[in-house]
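Coordinates as given in target_19.cif (mmCIF, C-alpha atoms):
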```
data_entry
loop_
_atom_site.label_atom_id
_atom_site.label_comp_id
_atom_site.auth_asym_id
_atom_site.auth_seq_id
_atom_site.Cartn_x
_atom_site.Cartn_y
_atom_site.Cartn_z
CA MET A 300 22.16 13.90 73.44
CA ASP A 301 19.87 16.22 71.54
CA THR A 302 17.87 13.21 70.53
CA ASP A 303 17.25 12.23 74.15
CA VAL A 304 16.12 15.76 75.04
CA SER A 305 13.69 16.00 72.10
CA HIS A 306 12.39 12.52 72.85
CA THR A 307 11.81 13.48 76.50
CA CYS A 308 10.08 16.73 75.45
CA ARG A 309 7.74 14.86 73.13
CA LYS A 310 6.92 12.37 75.85
CA ALA A 311 6.16 15.19 78.31
CA ALA A 312 3.93 16.91 75.73
CA ARG A 313 1.95 13.72 75.21
CA ILE A 314 1.42 13.30 78.93
CA ALA A 315 0.33 16.95 79.27
CA PHE A 316 -2.14 16.55 76.40
CA ALA A 317 -3.58 13.39 77.95
CA LEU A 318 -4.04 15.14 81.34
CA LEU A 319 -5.69 18.15 79.70
CA ALA A 320 -8.11 15.94 77.72
CA THR A 321 -9.00 13.98 80.88
CA ALA A 322 -9.68 17.22 82.78
CA ALA A 323 -11.91 18.53 79.92
CA LEU A 324 -13.94 15.34 79.88
CA ALA A 325 -14.28 15.34 83.66
CA GLY A 326 -15.88 18.81 83.45
CA CYS A 327 -18.73 17.40 81.30
CA GLY A 328 -19.88 14.93 83.88
CA HIS A 329 -21.73 17.29 86.28
CA ASP A 330 -25.47 17.58 86.99
CA MET A 331 -27.76 17.37 83.89
CA THR A 332 -31.15 17.69 85.56
CA ASP A 333 -31.96 20.93 83.70
CA LEU A 334 -31.43 19.19 80.36
CA GLN A 335 -33.57 16.25 81.40
CA GLN A 336 -36.32 18.64 82.58
CA PHE A 337 -36.27 20.47 79.19
CA VAL A 338 -36.59 17.17 77.28
CA GLN A 339 -39.55 16.13 79.47
CA ASN A 340 -41.28 19.49 78.84
CA VAL A 341 -40.86 19.20 75.08
CA GLU A 342 -42.15 15.62 75.05
CA ALA A 343 -45.18 16.63 77.18
CA ARG A 344 -46.37 19.22 74.62
CA PRO A 345 -49.30 18.14 72.46
CA GLY A 346 -48.46 17.38 68.82
CA PRO A 347 -49.97 19.30 65.89
CA PRO A 348 -53.47 18.25 64.84
CA ILE A 349 -53.71 15.49 62.24
CA LYS A 350 -55.62 16.36 59.08
CA PRO A 351 -58.69 14.22 58.51
CA ILE A 352 -58.58 11.54 55.83
CA PRO A 353 -59.90 12.96 52.54
CA GLN A 354 -63.25 11.70 51.36
CA ILE A 355 -62.97 9.34 48.39
CA LYS A 356 -65.48 10.10 45.66
CA PRO A 357 -67.32 7.03 44.40
CA TYR A 358 -66.50 5.95 40.85
CA GLU A 359 -69.12 7.03 38.34
CA THR A 360 -69.50 4.73 35.36
CA TYR A 361 -70.16 6.11 31.90
CA THR A 362 -72.41 4.39 29.44
CA TYR A 363 -71.88 5.24 25.78
CA ALA A 364 -75.51 5.88 24.88
CA ASP A 365 -75.02 7.34 21.39
CA GLN A 366 -75.00 4.05 19.53
CA MET A 367 -75.79 5.71 16.21
CA LEU A 368 -72.63 7.86 16.29
CA ARG A 369 -69.17 6.76 15.22
CA PRO A 370 -67.52 4.62 17.90
CA PRO A 371 -64.80 6.65 19.67
CA PHE A 372 -62.01 4.17 18.92
CA VAL A 373 -62.59 3.85 15.17
CA PRO A 374 -60.61 6.19 12.87
CA ALA A 375 -62.57 9.15 11.56
CA MET A 376 -61.22 8.69 8.02
CA PRO A 377 -63.71 7.21 5.58
CA GLN A 378 -62.76 3.67 4.79
CA GLN A 379 -61.60 3.16 1.23
CA ASP A 380 -61.41 -0.04 -0.71
CA THR A 381 -57.69 -0.61 -0.32
CA SER A 382 -57.54 -4.22 -1.38
CA ASN A 383 -55.69 -3.43 -4.63
CA LEU A 384 -54.16 -0.06 -3.70
CA ARG A 385 -50.37 -0.31 -3.69
CA PRO A 386 -47.53 2.03 -4.69
CA ASP A 387 -46.24 1.25 -8.17
CA GLN A 388 -42.87 -0.39 -7.50
CA HIS A 389 -42.00 -0.67 -11.22
CA ARG A 390 -42.43 3.03 -12.02
CA ASN A 391 -39.24 5.05 -12.51
CA LYS A 392 -38.88 7.46 -9.59
CA GLU A 393 -38.65 11.17 -10.31
CA TYR A 394 -35.93 13.38 -8.80
CA LEU A 395 -38.09 15.09 -6.14
CA GLU A 396 -39.31 11.73 -4.80
CA ARG A 397 -36.07 11.34 -2.87
CA TYR A 398 -37.04 14.18 -0.49
CA PRO A 399 -39.71 14.22 2.21
CA LEU A 400 -42.43 16.78 1.48
CA ASP A 401 -41.58 18.89 4.52
CA SER A 402 -38.10 19.55 3.07
CA LEU A 403 -39.55 20.90 -0.20
CA SER A 404 -41.06 24.36 -0.63
CA MET A 405 -42.98 26.00 -3.44
CA VAL A 406 -41.33 29.30 -4.37
CA GLY A 407 -43.38 30.35 -7.40
CA THR A 408 -45.12 29.41 -10.64
CA ILE A 409 -44.39 29.87 -14.30
CA ASP A 410 -46.67 29.48 -17.35
CA MET A 411 -45.08 27.95 -20.46
CA GLY A 412 -46.80 26.56 -23.54
CA GLY A 413 -50.26 26.83 -22.01
CA LYS A 414 -49.22 24.81 -18.95
CA ARG A 415 -48.65 26.05 -15.40
CA TYR A 416 -45.55 24.79 -13.59
CA ALA A 417 -44.80 25.04 -9.87
CA LEU A 418 -41.25 26.00 -8.91
CA ILE A 419 -40.09 23.74 -6.07
CA ARG A 420 -36.94 24.34 -3.99
CA ASP A 421 -35.26 21.25 -2.51
CA LYS A 422 -33.21 21.20 0.69
CA GLU A 423 -29.98 21.85 -1.24
CA GLY A 424 -31.47 25.08 -2.59
CA LEU A 425 -31.97 23.90 -6.18
CA VAL A 426 -35.20 24.94 -7.90
CA HIS A 427 -37.11 22.40 -10.01
CA HIS A 428 -40.27 22.81 -12.11
CA VAL A 429 -43.14 20.35 -11.83
CA THR A 430 -46.66 20.19 -13.23
CA VAL A 431 -49.81 18.08 -13.03
CA GLY A 432 -48.90 14.38 -13.30
CA ASN A 433 -45.38 14.71 -11.86
CA TYR A 434 -44.46 12.96 -8.61
CA MET A 435 -42.76 14.36 -5.52
CA GLY A 436 -42.26 13.33 -1.88
CA GLN A 437 -41.53 9.89 -0.51
CA ASN A 438 -45.11 8.55 -0.51
CA ASP A 439 -45.84 8.35 -4.25
CA GLY A 440 -47.24 11.89 -4.22
CA ARG A 441 -48.72 12.64 -7.66
CA ILE A 442 -49.53 16.28 -8.43
CA LEU A 443 -53.25 16.80 -9.14
CA ALA A 444 -53.42 20.60 -9.51
CA VAL A 445 -51.10 23.61 -9.67
CA SER A 446 -52.34 27.11 -8.87
CA SER A 447 -50.64 30.42 -8.21
CA THR A 448 -51.04 29.88 -4.43
CA GLY A 449 -50.00 26.24 -4.13
CA LEU A 450 -50.36 22.72 -5.39
CA ILE A 451 -52.38 19.65 -4.46
CA LEU A 452 -51.01 16.13 -4.61
CA ARG A 453 -52.35 12.69 -3.75
CA GLU A 454 -50.11 10.36 -1.78
CA ILE A 455 -50.40 6.63 -1.14
CA VAL A 456 -49.56 6.07 2.52
CA PRO A 457 -49.61 2.99 4.79
CA ASN A 458 -52.82 2.69 6.81
CA GLY A 459 -51.17 0.91 9.75
CA LEU A 460 -53.04 -2.33 9.04
CA GLY A 461 -50.84 -3.68 6.27
CA GLY A 462 -52.63 -1.83 3.48
CA TYR A 463 -52.55 1.63 1.93
CA VAL A 464 -54.87 4.64 1.67
CA LYS A 465 -54.91 7.72 -0.53
CA ARG A 466 -54.32 11.08 1.13
CA GLU A 467 -54.49 14.53 -0.40
CA THR A 468 -51.81 17.02 0.62
CA LYS A 469 -51.47 20.72 -0.12
CA ILE A 470 -48.23 22.61 -0.48
CA GLN A 471 -48.71 26.37 -0.20
CA LEU A 472 -46.58 29.01 -1.89
CA SER A 473 -43.77 29.93 0.48
CA GLN A 474 -43.74 33.54 1.67
CA GLN A 475 -39.95 33.71 2.05
#
```
Structure re-expressed in structure tokens:
Amino acid sequence: MDTDVSHTCRKAARIAFALLATAALAGCGHDMTDLQQFVQNVEARPGPPIKPIPQIKPYETYTYADQMLRPPFVPAMPQQDTSNLRPDQHRNKEYLERYPLDSLSMVGTIDMGGKRYALIRDKEGLVHHVTVGNYMGQNDGRILAVSSTGLILREIVPNGLGGYVKRETKIQLSQQ
């Protein structure tokens, strides 16, 4: 019997909710002339002014008149005869040739037997001594000069056209 009562109560609640929703919707259906008048007023207002189209500047051509100067798309490096320049593939590599130059630093010099040696620290922190004629770096860098402030070496690097060029590089004494 309790089931019948609860079922009847639920049914009555549904009917009451449906009547209440119908009454709420019926209240929305009255005169909307004030809303229509507002929309007409807003639509009648003039819009903001439109910016004028920007003036397009005419293209100005440039004529390269300095024919005697170096062409702008040719490398500034002096061209070397690179027909026979190649790294020596048969030469035994030295220990410091396994490291790129930017991972090596010069930490000092030492004079022994009338010869000046540069002290080079590798990326593992080991210090090696090198002198004129030794190689270091990954581009066949041969040491040309050692001074108390740095060293100069000549590398053989690809020129981007299938050949090689010589390039001088300086390694300064590290201030660390």
Counting all atoms listed in the file, I want the residues whose atoms come within 7 Å of (-42.6, 32.3, -4.7) in the file frame, returned as a PyMOL selection string. chain A and resi 405-407+472-474
Pick out the residues sitting within 9 Å of A:Leu400, and hand them over as a list in words; count all atoms listed in the file, and ignore anything fewer than 4 positions along from it in its own chain. Leu395, Glu396, Ser404, Met435, Gly436, Gln437, Asn438, Gly440 and Ile470 of chain A
Quick check, in Å to one decimal: how far apart do atom CA of A:Gln471 and atom CA of A:Ser447 lie? 9.2 Å
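Across the structure, atom CA of A:Arg415 and atom CA of A:Leu450 are spaced 10.7 Å apart.
Atom pair atom CA of A:Asn383 / atom CA of A:Val456: separated by 13.4 Å.
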Name the closest residue to A:Lys469 among the candidates A:Asp421, A:Asp330, A:Asp439, A:Asp401; distances are taken between atoms, counting all atoms listed in the file. A:Asp401
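In terms of minimum interatomic distance to A:Arg466, A:Arg453 ranks closest within A:Arg390, A:Arg397, A:Arg420, A:Arg453, counting only C-alpha atoms.
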Compile the contact shell of A:Leu452 as a list of chain:residue names: residues with an atom at most 8 Å away, counting all atoms listed in the file, same-chain residues fewer than 5 positions apart removed. A:Gly440, A:Arg441, A:Ile442, A:Leu443, A:Ala444, A:Glu467, A:Thr468, A:Lys469
Deliver the residues from the most recent selection as a file, using C-alpha atoms, as an mmCIF file, keeping the file's coordinate frame.
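Output (again11.cif):
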```cif
data_model
loop_
_atom_site.group_PDB
_atom_site.id
_atom_site.type_symbol
_atom_site.label_atom_id
_atom_site.label_comp_id
_atom_site.auth_asym_id
_atom_site.auth_seq_id
_atom_site.Cartn_x
_atom_site.Cartn_y
_atom_site.Cartn_z
ATOM 1 C CA GLY A 440 -47.240 11.890 -4.220
ATOM 2 C CA ARG A 441 -48.720 12.640 -7.660
ATOM 3 C CA ILE A 442 -49.530 16.280 -8.430
ATOM 4 C CA LEU A 443 -53.250 16.800 -9.140
ATOM 5 C CA ALA A 444 -53.420 20.600 -9.510
ATOM 6 C CA GLU A 467 -54.490 14.530 -0.400
ATOM 7 C CA THR A 468 -51.810 17.020 0.620
ATOM 8 C CA LYS A 469 -51.470 20.720 -0.120
#
```
Could I get stretch 426-437 of chain A rebuilt with all heavy atoms, written as a PDB file, keeping the file's coordinate frame?
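Writing done, so here's part.pdb:
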```pdb
ATOM      1  N   VAL A 426     -33.812  24.726  -7.536  1.00  0.00           N
ATOM      2  CA  VAL A 426     -35.200  24.940  -7.900  1.00  0.00           C
ATOM      3  C   VAL A 426     -35.536  24.050  -9.092  1.00  0.00           C
ATOM      4  O   VAL A 426     -34.811  24.021 -10.085  1.00  0.00           O
ATOM      5  CB  VAL A 426     -35.476  26.422  -8.223  1.00  0.00           C
ATOM      6  CG1 VAL A 426     -36.912  26.621  -8.670  1.00  0.00           C
ATOM      7  CG2 VAL A 426     -35.177  27.292  -7.009  1.00  0.00           C
ATOM      8  N   HIS A 427     -36.655  23.315  -8.981  1.00  0.00           N
ATOM      9  CA  HIS A 427     -37.110  22.400 -10.010  1.00  0.00           C
ATOM     10  C   HIS A 427     -38.515  22.815 -10.433  1.00  0.00           C
ATOM     11  O   HIS A 427     -39.268  23.379  -9.629  1.00  0.00           O
ATOM     12  CB  HIS A 427     -37.168  20.957  -9.474  1.00  0.00           C
ATOM     13  CG  HIS A 427     -35.894  20.530  -8.818  1.00  0.00           C
ATOM     14  ND1 HIS A 427     -34.884  19.932  -9.502  1.00  0.00           N
ATOM     15  CD2 HIS A 427     -35.477  20.640  -7.527  1.00  0.00           C
ATOM     16  CE1 HIS A 427     -33.893  19.669  -8.665  1.00  0.00           C
ATOM     17  NE2 HIS A 427     -34.231  20.093  -7.462  1.00  0.00           N
ATOM     18  N   HIS A 428     -38.906  22.529 -11.681  1.00  0.00           N
ATOM     19  CA  HIS A 428     -40.270  22.810 -12.110  1.00  0.00           C
ATOM     20  C   HIS A 428     -41.031  21.503 -12.277  1.00  0.00           C
ATOM     21  O   HIS A 428     -40.501  20.526 -12.796  1.00  0.00           O
ATOM     22  CB  HIS A 428     -40.302  23.666 -13.393  1.00  0.00           C
ATOM     23  CG  HIS A 428     -39.730  22.983 -14.587  1.00  0.00           C
ATOM     24  ND1 HIS A 428     -38.393  22.896 -14.834  1.00  0.00           N
ATOM     25  CD2 HIS A 428     -40.356  22.350 -15.619  1.00  0.00           C
ATOM     26  CE1 HIS A 428     -38.189  22.235 -15.965  1.00  0.00           C
ATOM     27  NE2 HIS A 428     -39.369  21.888 -16.460  1.00  0.00           N
ATOM     28  N   VAL A 429     -42.273  21.521 -11.765  1.00  0.00           N
ATOM     29  CA  VAL A 429     -43.140  20.350 -11.830  1.00  0.00           C
ATOM     30  C   VAL A 429     -44.525  20.810 -12.267  1.00  0.00           C
ATOM     31  O   VAL A 429     -44.886  21.979 -12.115  1.00  0.00           O
ATOM     32  CB  VAL A 429     -43.233  19.612 -10.472  1.00  0.00           C
ATOM     33  CG1 VAL A 429     -41.911  19.011 -10.076  1.00  0.00           C
ATOM     34  CG2 VAL A 429     -43.743  20.539  -9.375  1.00  0.00           C
ATOM     35  N   THR A 430     -45.297  19.886 -12.813  1.00  0.00           N
ATOM     36  CA  THR A 430     -46.660  20.190 -13.230  1.00  0.00           C
ATOM     37  C   THR A 430     -47.569  19.018 -12.918  1.00  0.00           C
ATOM     38  O   THR A 430     -47.117  18.006 -12.325  1.00  0.00           O
ATOM     39  CB  THR A 430     -46.700  20.552 -14.738  1.00  0.00           C
ATOM     40  OG1 THR A 430     -47.987  21.083 -15.050  1.00  0.00           O
ATOM     41  CG2 THR A 430     -46.383  19.352 -15.598  1.00  0.00           C
ATOM     42  N   VAL A 431     -48.828  19.132 -13.298  1.00  0.00           N
ATOM     43  CA  VAL A 431     -49.810  18.080 -13.030  1.00  0.00           C
ATOM     44  C   VAL A 431     -49.307  16.765 -13.647  1.00  0.00           C
ATOM     45  O   VAL A 431     -48.866  16.728 -14.800  1.00  0.00           O
ATOM     46  CB  VAL A 431     -51.182  18.458 -13.629  1.00  0.00           C
ATOM     47  CG1 VAL A 431     -52.160  17.297 -13.515  1.00  0.00           C
ATOM     48  CG2 VAL A 431     -51.730  19.697 -12.956  1.00  0.00           C
ATOM     49  N   GLY A 432     -49.348  15.691 -12.846  1.00  0.00           N
ATOM     50  CA  GLY A 432     -48.900  14.380 -13.300  1.00  0.00           C
ATOM     51  C   GLY A 432     -47.514  14.014 -12.814  1.00  0.00           C
ATOM     52  O   GLY A 432     -47.173  12.840 -12.787  1.00  0.00           O
ATOM     53  N   ASN A 433     -46.696  15.016 -12.414  1.00  0.00           N
ATOM     54  CA  ASN A 433     -45.380  14.710 -11.860  1.00  0.00           C
ATOM     55  C   ASN A 433     -45.530  14.180 -10.435  1.00  0.00           C
ATOM     56  O   ASN A 433     -46.566  14.360  -9.790  1.00  0.00           O
ATOM     57  CB  ASN A 433     -44.487  15.948 -11.845  1.00  0.00           C
ATOM     58  CG  ASN A 433     -43.993  16.337 -13.214  1.00  0.00           C
ATOM     59  OD1 ASN A 433     -44.151  17.481 -13.635  1.00  0.00           O
ATOM     60  ND2 ASN A 433     -43.398  15.408 -13.941  1.00  0.00           N
ATOM     61  N   TYR A 434     -44.474  13.522  -9.956  1.00  0.00           N
ATOM     62  CA  TYR A 434     -44.460  12.960  -8.610  1.00  0.00           C
ATOM     63  C   TYR A 434     -43.436  13.704  -7.768  1.00  0.00           C
ATOM     64  O   TYR A 434     -42.406  14.155  -8.269  1.00  0.00           O
ATOM     65  CB  TYR A 434     -44.081  11.472  -8.643  1.00  0.00           C
ATOM     66  CG  TYR A 434     -45.155  10.583  -9.217  1.00  0.00           C
ATOM     67  CD1 TYR A 434     -45.274  10.400 -10.595  1.00  0.00           C
ATOM     68  CD2 TYR A 434     -46.045   9.922  -8.384  1.00  0.00           C
ATOM     69  CE1 TYR A 434     -46.255   9.577 -11.123  1.00  0.00           C
ATOM     70  CE2 TYR A 434     -47.026   9.091  -8.900  1.00  0.00           C
ATOM     71  CZ  TYR A 434     -47.124   8.926 -10.266  1.00  0.00           C
ATOM     72  OH  TYR A 434     -48.094   8.109 -10.772  1.00  0.00           O
ATOM     73  N   MET A 435     -43.719  13.787  -6.469  1.00  0.00           N
ATOM     74  CA  MET A 435     -42.760  14.360  -5.520  1.00  0.00           C
ATOM     75  C   MET A 435     -43.072  13.840  -4.120  1.00  0.00           C
ATOM     76  O   MET A 435     -44.188  13.375  -3.847  1.00  0.00           O
ATOM     77  CB  MET A 435     -42.780  15.887  -5.558  1.00  0.00           C
ATOM     78  CG  MET A 435     -44.107  16.533  -5.255  1.00  0.00           C
ATOM     79  SD  MET A 435     -44.118  18.312  -5.541  1.00  0.00           S
ATOM     80  CE  MET A 435     -43.299  18.894  -4.105  1.00  0.00           C
ATOM     81  N   GLY A 436     -42.102  13.858  -3.240  1.00  0.00           N
ATOM     82  CA  GLY A 436     -42.260  13.330  -1.880  1.00  0.00           C
ATOM     83  C   GLY A 436     -41.990  11.834  -1.859  1.00  0.00           C
ATOM     84  O   GLY A 436     -41.842  11.195  -2.894  1.00  0.00           O
ATOM     85  N   GLN A 437     -41.920  11.293  -0.690  1.00  0.00           N
ATOM     86  CA  GLN A 437     -41.530   9.890  -0.510  1.00  0.00           C
ATOM     87  C   GLN A 437     -42.702   8.926  -0.421  1.00  0.00           C
ATOM     88  O   GLN A 437     -42.503   7.745  -0.187  1.00  0.00           O
ATOM     89  CB  GLN A 437     -40.639   9.760   0.726  1.00  0.00           C
ATOM     90  CG  GLN A 437     -39.331  10.502   0.552  1.00  0.00           C
ATOM     91  CD  GLN A 437     -38.448  10.424   1.774  1.00  0.00           C
ATOM     92  OE1 GLN A 437     -38.930  10.358   2.900  1.00  0.00           O
ATOM     93  NE2 GLN A 437     -37.155  10.445   1.546  1.00  0.00           N
TER      94      GLN A 437
END
```
